[in-house]
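Undergrad: Pasting input-v1.cif below, which is mmCIF, C-alpha atoms.
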data_coords
#
loop_
_atom_site.label_atom_id
_atom_site.label_comp_id
_atom_site.auth_asym_id
_atom_site.auth_seq_id
_atom_site.Cartn_x
_atom_site.Cartn_y
_atom_site.Cartn_z
CA MET A 30 -14.65 51.89 69.71
CA ARG A 31 -16.77 51.67 66.57
CA ARG A 32 -14.94 50.55 63.42
CA LEU A 33 -14.55 53.51 61.07
CA LEU A 34 -15.43 52.41 57.56
CA LEU A 35 -13.75 53.68 54.40
CA ALA A 36 -15.86 54.07 51.28
CA MET A 37 -14.65 54.59 47.70
CA THR A 38 -16.83 56.49 45.25
CA ALA A 39 -16.02 57.05 41.61
CA GLY A 40 -14.28 60.38 41.11
CA ALA A 41 -14.69 61.36 44.74
CA GLY A 42 -11.64 59.70 46.25
CA LEU A 43 -11.55 57.92 49.57
CA ALA A 44 -13.65 59.35 52.39
CA LEU A 45 -13.00 58.66 56.08
CA SER A 46 -15.75 58.61 58.67
CA PRO A 47 -15.45 61.12 61.56
CA ALA A 48 -12.83 60.29 64.17
CA GLN A 49 -14.24 58.62 67.27
CA VAL A 50 -11.17 58.35 69.49
CA ARG A 51 -10.72 60.80 72.38
CA PRO A 52 -7.62 63.02 71.99
CA ALA A 53 -6.28 62.03 75.39
CA ALA A 54 -6.37 58.42 74.25
CA ALA A 55 -4.78 59.50 70.98
CA ALA A 56 -1.81 61.05 72.77
CA VAL A 57 -1.33 57.86 74.77
CA ALA A 58 -1.56 55.80 71.58
CA LEU A 59 1.41 57.71 70.16
CA SER A 60 3.61 56.67 73.06
CA VAL A 61 6.45 54.21 72.39
CA ASP A 62 7.56 52.01 75.28
CA LYS A 63 10.51 50.39 73.49
CA VAL A 64 12.25 51.26 70.22
CA VAL A 65 13.39 48.07 68.51
CA GLY A 66 15.16 49.56 65.49
CA LYS A 67 14.84 51.32 62.14
CA VAL A 68 13.69 50.12 58.72
CA SER A 69 14.12 52.32 55.62
CA GLY A 70 14.34 55.46 57.78
CA TRP A 71 11.27 54.59 59.89
CA SER A 72 11.54 53.85 63.61
CA ILE A 73 9.72 50.74 64.80
CA GLY A 74 8.63 50.58 68.42
CA VAL A 75 6.42 48.64 70.81
CA SER A 76 3.39 50.46 72.24
CA LYS A 77 1.59 48.92 75.19
CA ALA A 78 -1.26 51.40 74.71
CA MET A 79 -1.95 49.99 71.24
CA ASN A 80 -1.31 46.36 72.20
CA GLY A 81 1.26 46.16 69.42
CA CYS A 82 3.73 48.23 67.46
CA ILE A 83 4.11 51.64 65.83
CA ALA A 84 6.10 52.95 62.87
CA ALA A 85 7.12 56.62 62.83
CA ALA A 86 9.13 58.81 60.47
CA SER A 87 10.21 62.43 61.06
CA TYR A 88 10.84 64.96 58.29
CA GLN A 89 12.95 68.10 57.97
CA ASP A 90 9.94 70.39 58.38
CA GLY A 91 9.31 68.91 61.84
CA THR A 92 6.39 66.72 60.82
CA THR A 93 6.23 63.18 62.17
CA VAL A 94 4.02 60.55 60.59
CA TRP A 95 2.74 57.83 62.90
CA ILE A 96 1.24 54.57 61.65
CA GLY A 97 0.08 51.78 63.91
CA PHE A 98 -2.04 48.67 64.11
CA ASP A 99 -4.24 47.91 67.10
CA GLY A 100 -3.19 44.41 68.11
CA GLU A 101 -6.63 43.47 69.42
CA LYS A 102 -8.98 45.04 66.89
CA ASP A 103 -7.19 44.40 63.61
CA GLU A 104 -7.52 48.12 62.83
CA ALA A 105 -5.05 50.86 62.00
CA PHE A 106 -4.46 54.47 63.04
CA LEU A 107 -2.74 57.37 61.32
CA ALA A 108 -1.44 60.59 62.87
CA PHE A 109 0.59 63.66 61.94
CA THR A 110 2.34 65.83 64.55
CA ASN A 111 4.51 68.94 64.40
CA PRO A 112 5.70 71.34 67.14
CA ARG A 113 4.90 74.34 64.87
CA TRP A 114 1.20 73.54 64.46
CA ARG A 115 0.19 75.82 67.32
CA SER A 116 -3.29 76.62 66.01
CA ILE A 117 -4.60 73.06 66.32
CA GLU A 118 -6.94 72.71 69.28
CA ASP A 119 -7.18 69.66 71.49
CA GLU A 120 -10.35 67.58 70.90
CA ARG A 121 -11.51 69.67 67.95
CA SER A 122 -12.56 67.88 64.75
CA TYR A 123 -10.83 69.01 61.56
CA GLY A 124 -11.38 68.24 57.93
CA ILE A 125 -8.21 67.34 56.04
CA ALA A 126 -7.39 66.04 52.58
CA MET A 127 -4.45 63.91 51.48
CA LEU A 128 -3.26 64.14 47.90
CA THR A 129 -1.12 61.52 46.20
CA GLY A 130 -0.33 60.52 42.66
CA ARG A 131 -2.91 57.75 43.11
CA GLY A 132 -5.84 59.93 44.15
CA ARG A 133 -7.36 62.19 46.77
CA TRP A 134 -8.47 61.21 50.26
CA LYS A 135 -10.50 63.39 52.62
CA GLY A 136 -11.96 62.97 56.08
CA ARG A 137 -12.17 64.16 59.68
CA PHE A 138 -9.24 64.01 62.05
CA THR A 139 -9.18 64.96 65.74
CA GLY A 140 -6.75 67.50 67.17
CA LEU A 141 -4.40 66.33 69.90
CA ASP A 142 -1.84 67.90 72.21
CA ARG A 143 1.36 65.98 73.04
CA SER A 144 2.71 68.90 75.18
CA THR A 145 5.69 69.54 72.89
CA GLU A 146 3.75 69.29 69.65
CA LYS A 147 0.24 69.40 68.23
CA GLY A 148 -1.23 66.93 65.84
CA LEU A 149 -4.08 65.29 63.96
CA PHE A 150 -5.19 61.75 64.73
CA GLN A 151 -7.56 59.22 63.17
CA SER A 152 -8.12 55.66 64.41
CA GLY A 153 -10.30 52.68 63.58
CA LEU A 154 -9.08 52.67 59.98
CA LYS A 155 -9.01 49.64 57.76
CA LYS A 156 -5.48 48.39 57.26
CA SER A 157 -6.01 48.57 53.50
CA PHE A 158 -6.20 52.35 53.79
CA VAL A 159 -2.73 52.82 55.27
CA LEU A 160 -1.33 50.20 52.90
CA ASP A 161 -2.72 52.24 50.01
CA LEU A 162 -1.02 55.36 51.36
CA ALA A 163 2.25 53.45 51.67
CA ARG A 164 2.07 52.51 48.00
CA ALA A 165 1.45 56.12 46.98
CA GLY A 166 5.09 57.21 47.21
CA GLY A 167 4.35 60.79 48.27
CA LEU A 168 1.71 62.57 50.34
CA ASP A 169 0.50 66.17 50.47
CA VAL A 170 -1.53 66.95 53.62
CA ILE A 171 -4.12 69.72 53.12
CA PHE A 172 -5.40 71.37 56.32
CA GLU A 173 -8.08 74.08 56.17
CA GLY A 174 -7.39 74.54 52.47
CA LYS A 175 -3.61 74.87 52.81
CA SER A 176 -0.80 72.39 52.40
CA ILE A 177 0.84 71.86 55.78
CA ALA A 178 3.14 68.94 54.89
CA ARG A 179 4.55 67.41 51.73
CA LEU A 180 5.99 64.07 52.66
CA SER A 181 7.81 61.27 50.91
CA MET A 182 6.38 57.89 51.85
CA ALA A 183 9.49 56.10 50.58
CA GLY A 184 10.17 53.06 52.72
CA SER A 185 6.74 53.14 54.34
CA ALA A 186 5.72 49.80 52.82
CA ASP A 187 8.87 48.22 54.31
CA ALA A 188 8.11 49.89 57.63
CA ILE A 189 4.54 48.58 57.68
CA GLY A 190 5.85 45.10 56.93
CA ALA A 191 8.32 45.40 59.80
CA MET A 192 5.56 46.69 62.06
CA ALA A 193 3.39 43.69 61.18
CA GLU A 194 6.31 41.40 62.03
CA CYS A 195 6.73 43.27 65.29
CA HIS A 196 3.07 42.58 66.12
CA GLN A 197 3.55 38.90 65.39
CA ALA A 198 6.69 38.85 67.51
CA VAL A 199 4.81 40.42 70.44
CA LEU A 200 2.15 37.72 70.14
CA GLU A 201 4.80 35.01 69.96
CA ALA A 202 7.06 36.45 72.65
CA LYS A 203 7.22 33.10 74.43
CA SER A 204 8.93 31.48 71.44
CA SER A 205 12.71 31.37 70.95
CA PRO A 206 13.98 34.63 69.38
CA GLU A 207 16.25 32.68 67.08
CA THR A 208 13.52 30.63 65.42
CA PRO A 209 13.47 31.23 61.65
CA ARG A 210 10.14 32.58 60.51
CA SER A 211 8.39 31.05 57.56
CA GLY A 212 8.39 33.09 54.38
CA GLY A 213 4.93 31.79 53.48
CA ALA A 214 2.11 34.28 53.26
CA PRO A 215 -0.28 34.08 56.23
CA LYS A 216 -3.75 32.67 55.76
CA ARG A 217 -6.46 35.13 54.86
CA ASN A 218 -10.07 33.93 54.67
CA GLY A 219 -8.78 30.36 54.79
CA GLU A 220 -6.28 30.95 51.97
CA SER A 221 -2.50 31.27 51.94
CA SER A 222 0.08 31.43 49.21
CA GLY A 223 3.71 30.94 48.32
CA SER A 224 5.92 30.38 45.29
CA GLY A 225 7.39 27.45 43.38
CA PHE A 226 9.27 26.63 40.18
CA PHE A 227 9.30 24.01 37.44
CA VAL A 228 11.66 21.07 37.88
CA SER A 229 10.55 18.87 34.99
CA GLU A 230 9.24 19.23 31.46
CA ALA A 231 6.16 17.27 32.60
CA GLY A 232 5.07 20.27 34.70
CA HIS A 233 6.27 19.19 38.14
CA VAL A 234 6.66 22.14 40.53
CA LEU A 235 8.95 22.26 43.57
CA THR A 236 7.92 24.34 46.59
CA ASN A 237 8.14 24.30 50.39
CA HIS A 238 6.31 21.77 52.53
CA HIS A 239 4.96 24.53 54.76
CA VAL A 240 3.39 26.27 51.74
CA VAL A 241 1.13 23.30 50.94
CA ALA A 242 0.80 21.56 54.33
CA GLY A 243 -2.85 20.97 55.25
CA CYS A 244 -4.27 22.26 51.97
CA ALA A 245 -7.62 20.89 50.82
CA GLU A 246 -6.94 22.32 47.36
CA ILE A 247 -3.79 23.65 45.68
CA ASP A 248 -3.80 25.98 42.68
CA VAL A 249 -0.73 26.91 40.64
CA GLY A 250 -0.37 29.63 38.03
CA ARG A 251 2.23 31.68 36.17
CA ALA A 252 2.01 35.43 35.75
CA GLY A 253 -0.55 36.14 33.03
CA VAL A 254 -1.65 32.48 32.84
CA PRO A 255 -4.86 31.20 34.51
CA SER A 256 -4.31 29.03 37.58
CA VAL A 257 -4.84 25.29 37.42
CA ARG A 258 -5.42 22.65 40.06
CA ALA A 259 -2.27 20.89 41.28
CA ARG A 260 -1.77 17.58 43.09
CA LEU A 261 0.68 16.95 45.89
CA VAL A 262 3.03 14.16 44.79
CA ALA A 263 5.55 14.01 47.62
CA ALA A 264 6.50 15.97 50.72
CA ASP A 265 9.41 16.11 53.14
CA GLU A 266 8.50 18.00 56.29
CA GLN A 267 11.98 17.76 57.81
CA ASN A 268 13.66 19.43 54.83
CA ASP A 269 10.61 21.62 54.10
CA LEU A 270 10.17 20.47 50.50
CA ALA A 271 7.20 19.35 48.41
CA VAL A 272 6.63 18.56 44.75
CA LEU A 273 3.40 19.12 42.87
CA SER A 274 2.06 17.62 39.66
CA THR A 275 0.42 20.18 37.36
CA PRO A 276 -1.01 20.15 33.82
CA LEU A 277 0.99 23.27 33.02
CA GLU A 278 3.50 23.28 30.20
CA ALA A 279 6.90 24.35 31.47
CA PRO A 280 8.31 26.95 29.03
CA VAL A 281 11.69 26.73 30.79
CA VAL A 282 13.08 24.26 33.30
CA PRO A 283 16.12 25.72 35.10
CA ALA A 284 19.25 23.72 35.80
CA LEU A 285 20.15 23.11 39.45
CA SER A 286 23.52 24.40 40.56
CA LEU A 287 25.27 22.27 43.17
CA ARG A 288 28.21 24.60 43.79
CA PRO A 289 26.97 27.81 45.40
CA ARG A 290 29.74 30.16 46.48
CA VAL A 291 29.76 32.52 49.42
CA GLY A 292 29.76 36.08 48.12
CA GLU A 293 28.22 35.41 44.72
CA SER A 294 25.21 37.41 43.61
CA VAL A 295 21.90 35.58 43.89
CA TYR A 296 18.37 36.58 43.00
CA ALA A 297 14.94 35.65 44.32
CA TYR A 298 11.80 35.66 42.20
CA GLY A 299 8.37 34.94 43.61
CA PHE A 300 5.00 36.20 44.68
CA PRO A 301 5.39 37.81 48.12
CA LEU A 302 2.59 39.71 49.87
CA SER A 303 0.28 39.06 46.93
CA SER A 304 -2.48 41.17 48.49
CA LEU A 305 -0.14 44.18 48.63
CA LEU A 306 2.61 43.86 46.02
CA ALA A 307 2.48 43.24 42.27
CA THR A 308 0.70 40.01 41.41
CA THR A 309 2.95 39.61 38.36
CA GLY A 310 5.88 38.65 40.59
CA ASN A 311 8.74 40.38 42.39
CA PHE A 312 12.49 40.18 41.82
CA THR A 313 15.13 40.97 44.47
CA VAL A 314 18.93 40.96 44.52
CA GLY A 315 21.46 39.95 47.17
CA ASN A 316 24.36 37.65 47.96
CA ILE A 317 25.10 34.33 49.58
CA THR A 318 26.44 35.39 52.96
CA ALA A 319 27.13 31.97 54.53
CA SER A 320 27.27 28.36 53.40
CA ALA A 321 25.17 27.18 56.36
CA GLY A 322 22.04 28.24 58.20
CA LEU A 323 21.23 28.70 61.87
CA ARG A 324 23.52 26.75 64.18
CA ASP A 325 25.58 25.64 61.16
CA ASP A 326 22.70 23.82 59.49
CA SER A 327 24.52 22.44 56.44
CA ARG A 328 21.29 22.01 54.46
CA MET A 329 20.84 25.77 54.23
CA LEU A 330 22.34 28.84 52.62
CA GLN A 331 22.20 32.18 54.39
CA ILE A 332 21.39 34.99 51.97
CA SER A 333 21.00 38.76 52.02
CA THR A 334 18.50 38.67 49.16
CA PRO A 335 15.31 40.30 50.54
CA VAL A 336 12.34 37.94 50.86
CA GLN A 337 8.86 38.44 52.26
CA PRO A 338 5.90 36.24 53.22
CA GLY A 339 4.91 34.51 49.97
CA ASN A 340 8.48 34.06 48.66
CA SER A 341 8.60 30.62 50.29
CA GLY A 342 9.21 27.81 47.81
CA GLY A 343 10.50 30.16 45.13
CA PRO A 344 13.86 29.83 43.37
CA LEU A 345 17.15 31.36 44.47
CA ILE A 346 18.98 31.96 41.21
CA ASP A 347 22.60 32.65 40.25
CA GLN A 348 23.92 34.84 37.43
CA TYR A 349 23.72 31.95 34.95
CA GLY A 350 20.00 31.52 35.51
CA THR A 351 20.45 28.28 37.44
CA VAL A 352 18.75 27.54 40.76
CA VAL A 353 21.12 27.32 43.73
CA GLY A 354 18.45 27.00 46.39
CA VAL A 355 14.79 27.04 47.42
CA VAL A 356 13.80 30.10 49.46
CA THR A 357 12.40 28.85 52.76
CA GLY A 358 12.26 31.67 55.28
CA LYS A 359 13.86 34.49 57.19
CA LEU A 360 15.16 35.12 60.65
CA ASN A 361 12.39 36.48 62.83
CA ALA A 362 13.99 39.90 62.98
CA MET A 363 11.44 41.36 65.37
CA LYS A 364 11.87 38.60 67.92
CA VAL A 365 15.59 39.24 67.87
CA ALA A 366 14.96 43.00 68.10
CA LEU A 367 12.68 42.61 71.10
CA ALA A 368 15.42 40.62 72.82
CA ASN A 369 18.46 42.64 71.69
CA ASN A 370 17.15 46.11 70.77
CA ASP A 371 18.41 45.81 67.20
CA ILE A 372 16.73 44.71 63.96
CA PRO A 373 18.84 42.22 61.95
CA GLN A 374 18.88 43.19 58.29
CA ASN A 375 18.22 40.67 55.51
CA VAL A 376 19.13 37.47 57.32
CA ASN A 377 17.28 34.98 55.13
CA PHE A 378 17.62 31.31 54.24
CA ALA A 379 17.32 28.92 51.31
CA ILE A 380 17.51 25.14 51.10
CA LYS A 381 20.51 24.07 49.04
CA ALA A 382 19.82 22.73 45.55
CA MET A 383 21.61 19.49 46.44
CA ILE A 384 18.98 18.75 49.11
CA ALA A 385 16.23 19.47 46.58
CA LEU A 386 17.90 17.24 43.98
CA ASN A 387 18.12 14.33 46.42
CA PHE A 388 14.46 14.81 47.37
CA LEU A 389 13.31 14.77 43.76
CA ASP A 390 15.42 11.76 42.88
CA ALA A 391 14.17 9.82 45.91
CA ASN A 392 10.60 10.36 44.72
CA GLY A 393 11.19 9.28 41.14
CA ILE A 394 11.26 12.76 39.66
CA PRO A 395 14.78 13.32 38.40
CA PRO A 396 14.84 16.89 37.11
CA ALA A 397 15.58 17.63 33.47
CA ALA A 398 19.07 18.75 32.47
CA GLY A 399 17.67 22.25 32.60
CA THR A 400 18.58 25.56 31.03
CA ARG A 401 21.86 27.27 31.90
CA SER A 402 23.25 30.37 30.24
CA ALA A 403 26.73 29.94 28.74
CA THR A 404 27.69 33.43 29.89
CA PRO A 405 26.73 35.46 32.96
CA LEU A 406 23.44 37.36 32.68
CA ASP A 407 22.73 40.81 33.99
CA ALA A 408 19.97 41.16 36.60
CA ALA A 409 17.33 41.94 33.98
CA GLY A 410 18.29 38.82 32.04
CA VAL A 411 18.00 36.67 35.16
CA ALA A 412 14.57 38.18 35.88
CA ASP A 413 13.39 37.42 32.34
CA GLN A 414 14.36 33.77 32.79
CA ALA A 415 12.88 33.53 36.27
CA LYS A 416 9.49 34.78 35.10
CA LEU A 417 9.25 31.78 32.78
CA PHE A 418 9.82 29.08 35.38
CA THR A 419 8.45 30.56 38.63
CA VAL A 420 4.83 29.98 39.67
CA HIS A 421 2.39 31.25 42.26
CA VAL A 422 1.13 28.52 44.64
CA VAL A 423 -2.21 29.08 46.43
CA CYS A 424 -3.35 26.84 49.27
CA ARG A 425 -7.01 26.58 50.26
#
Render the structure in this file as structure tokens.
TA:
Amino acid sequence: MRRLLLAMTAGAGLALSPAQVRPAAAAVALSVDKVVGKVSGWSIGVSKAMNGCIAAASYQDGTTVWIGFDGEKDEAFLAFTNPRWRSIEDERSYGIAMLTGRGRWKGRFTGLDRSTEKGLFQSGLKKSFVLDLARAGGLDVIFEGKSIARLSMAGSADAIGAMAECHQAVLEAKSSPETPRSGGAPKRNGESSGSGFFVSEAGHVLTNHHVVAGCAEIDVGRAGVPSVRARLVAADEQNDLAVLSTPLEAPVVPALSLRPRVGESVYAYGFPLSSLLATTGNFTVGNITASAGLRDDSRMLQISTPVQPGNSGGPLIDQYGTVVGVVTGKLNAMKVALANNDIPQNVNFAIKAMIALNFLDANGIPPAAGTRSATPLDAAGVADQAKLFTVHVVCR
């Protein structure tokens, strides 16, 4: 199947090339062989026909939105179905437009018949197209000049992330379903990224070993500040820690808290999914849910604070603005779901600050006394502090 290219023209919106997939194949592509769970109201399932996974959400008007990635071709497809769309003819090409607050998209979709419902299908799309729709928030589908569906896309970005994890889990099905998955962003064009934070006034940055392992070059930068070249000073593969030397001036060096408590609120700040989410950093809120990791690993904290690929190496912060841990990864939820038919929610992990402190001290980098608020901060106050000491780490 020929790749369908998307082209952006000033003022014209995003145009899709004519659909090339046969409707019969389209109907098969919308089949789900195994439902593994739900994320933000979207169902995630495995589709053998698409060599991967599908995300689907149904709305009160009967419309279902289907989004999927072809596991072999690194392409995406998008479909809309509804049992009331009786006028749509199988195999016929239709022009539709999609309106969002971000712009207008138009293109050709192919009609399909799923016996109980009719629909419109387009395949061979660039993944960036569906990611852009997910960021839009809402979608108005215009068919033959009339609006046939007004849909909230709330949760679709989370669903696409879960679907991508599902794909990876399918590819790694031979691995143990309990293996924690790295929170580092995957390599793209030979580049990957993660997060880190200042641990000394001399500009030393702490991050995860897996974020910088095998890098020919490492760049570090704060939000709004140009990146600079960093040098790897020390690494501990077993505890997944590394420290970098940078010429950056540390505006704030956080204190390390050695007494994390189960149940207390904790916050993560970092640069997850930098190709999709805000490059200025992202802040999430959760709790410490256990004082040990998988199989009672005493080096780890289990947290409910949401993290994504790219959060690795970033700080886990308490309400006083002190660092209680180093975010290191998350349970591979999709592997567990494929094995148990249920998606674990927010089972994530951080290396305890005590382990980080011992690592720094052993390598001759005792951290500064650090900044600690005398009184508890609200979430916005913690975020303001975290922005000052958290950095984006890019590996090339």
Undergrad: Give me the residues within 7 Å of A:Trp71 as a list in words, counting all atoms listed in the file and dropping any in the same chain fewer than 6 places off.
TA: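 Answer for this query is Ala84, Ala85, Ala86 and Ala188 of chain A.
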Undergrad: Which polymer residues, protein or nucleic acid, are no farther than 8 Å from (15.9, 39.7, 44.3), counting only C-alpha atoms, as a PyMOL selection string?
TA: chain A and resi 295-298+311-315+334-336
Undergrad: Determine, counting all atoms listed in the file, every residue of protein, DNA or RNA that lies within 7 Å of (3.6, 50.5, 59.9) in the file coordinates, then give the result as JSON, numbers by chain.
TA: {"A": [83, 84, 96, 97, 185, 188, 189, 190, 191, 192, 193]}
Undergrad: Quick one: distance from atom CA of A:Ser221 to atom CA of A:Cys424 in Å, one decimal?
TA: 5.2 Å
Undergrad: Could you check the closest approach to A:Met383 for each of A:Gly184, A:Gly167, A:Pro289, A:Gly322 and tell me which residue wins, using all atoms listed in the file?
TA: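 Counting all atoms listed in the file, the residue closest to A:Met383 is A:Pro289.
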Undergrad: To one decimal place in Å, what is the distance between atom CA of A:Pro276 and atom CA of A:Glu230?
TA: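 Distance reported for this atom pair: 10.6 Å.
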Undergrad: For A:Ala319, which residue out of A:Val352, A:Val376, A:Gly399, A:Phe418 is the nearest one, using all atoms listed in the file?
TA: A:Val376
Undergrad: Just to confirm, what's the straight-line distance from atom CA of A:Pro112 to atom CA of A:Ile171 in Å (one decimal)?
TA: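 That distance, rounded to one decimal, is 17.2 Å.
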Undergrad: Which residues, written as a ChimeraX atom specification, have at least one atom at most 10 Å from A:Asp347, with only C-alpha atoms counted and residues fewer than 5 positions away on the same chain left out?
TA: /A:285-286,289-290,293-297,316-317,352-354,401,405-406,408,411
Undergrad: So which residues get picked by the PyMOL selection byres ((chain A and resi 267) around 12) here, written as number ranges by chain?
TA: A: 237-239, 264-266, 268-271, 328, 380, 384, 388
Undergrad: Written as a ChimeraX atom specification, what is the full residue list that the PyMOL selection byres ((chain A and resi 61) around 8) yields on the file shown?
TA: /A:59-60,62-64,74-77,83
Undergrad: For the structure shown, which residues end up in the PyMOL selection byres ((chain A and resi 156) around 10)? Put them as a list in words, please?
TA: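 With the shown file as input, the PyMOL selection byres ((chain A and resi 156) around 10) matches Gly97, Phe98, Asp99, Asp103, Glu104, Ala105, Phe106, Gly153, Leu154, Lys155, Ser157, Phe158, Val159, Leu160 and Asp161 of chain A.
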Undergrad: Can you pull out the residues contacting A:Leu273? Cut-off 10 Å, using all atoms listed in the file, and skip same-chain residues under 3 positions away; I want them as a PyMOL selection string.
TA: chain A and resi 225-228+232-236+241+247-249+258-264+422
Undergrad: Write the residues of the selection above to a file with C-alpha atoms, as a compact mmCIF listing (two decimals), in the coordinates of the input.
TA:
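Dumped to selection.txt:
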# COMPACT_ATOMS: atom_id res chain seq x y z
CA GLY A 225 7.39 27.45 43.38
CA PHE A 226 9.27 26.63 40.18
CA PHE A 227 9.30 24.01 37.44
CA VAL A 228 11.66 21.07 37.88
CA GLY A 232 5.07 20.27 34.70
CA HIS A 233 6.27 19.19 38.14
CA VAL A 234 6.66 22.14 40.53
CA LEU A 235 8.95 22.26 43.57
CA THR A 236 7.92 24.34 46.59
CA VAL A 241 1.13 23.30 50.94
CA ILE A 247 -3.79 23.65 45.68
CA ASP A 248 -3.80 25.98 42.68
CA VAL A 249 -0.73 26.91 40.64
CA ARG A 258 -5.42 22.65 40.06
CA ALA A 259 -2.27 20.89 41.28
CA ARG A 260 -1.77 17.58 43.09
CA LEU A 261 0.68 16.95 45.89
CA VAL A 262 3.03 14.16 44.79
CA ALA A 263 5.55 14.01 47.62
CA ALA A 264 6.50 15.97 50.72
CA VAL A 422 1.13 28.52 44.64
Undergrad: Nearest residue to A:Leu323 out of A:Phe172, A:Phe138, A:Phe378, A:Trp95, using all atoms listed in the file?
TA: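 Of A:Phe172, A:Phe138, A:Phe378, A:Trp95, the one nearest A:Leu323, counting all atoms listed in the file, is A:Phe378.
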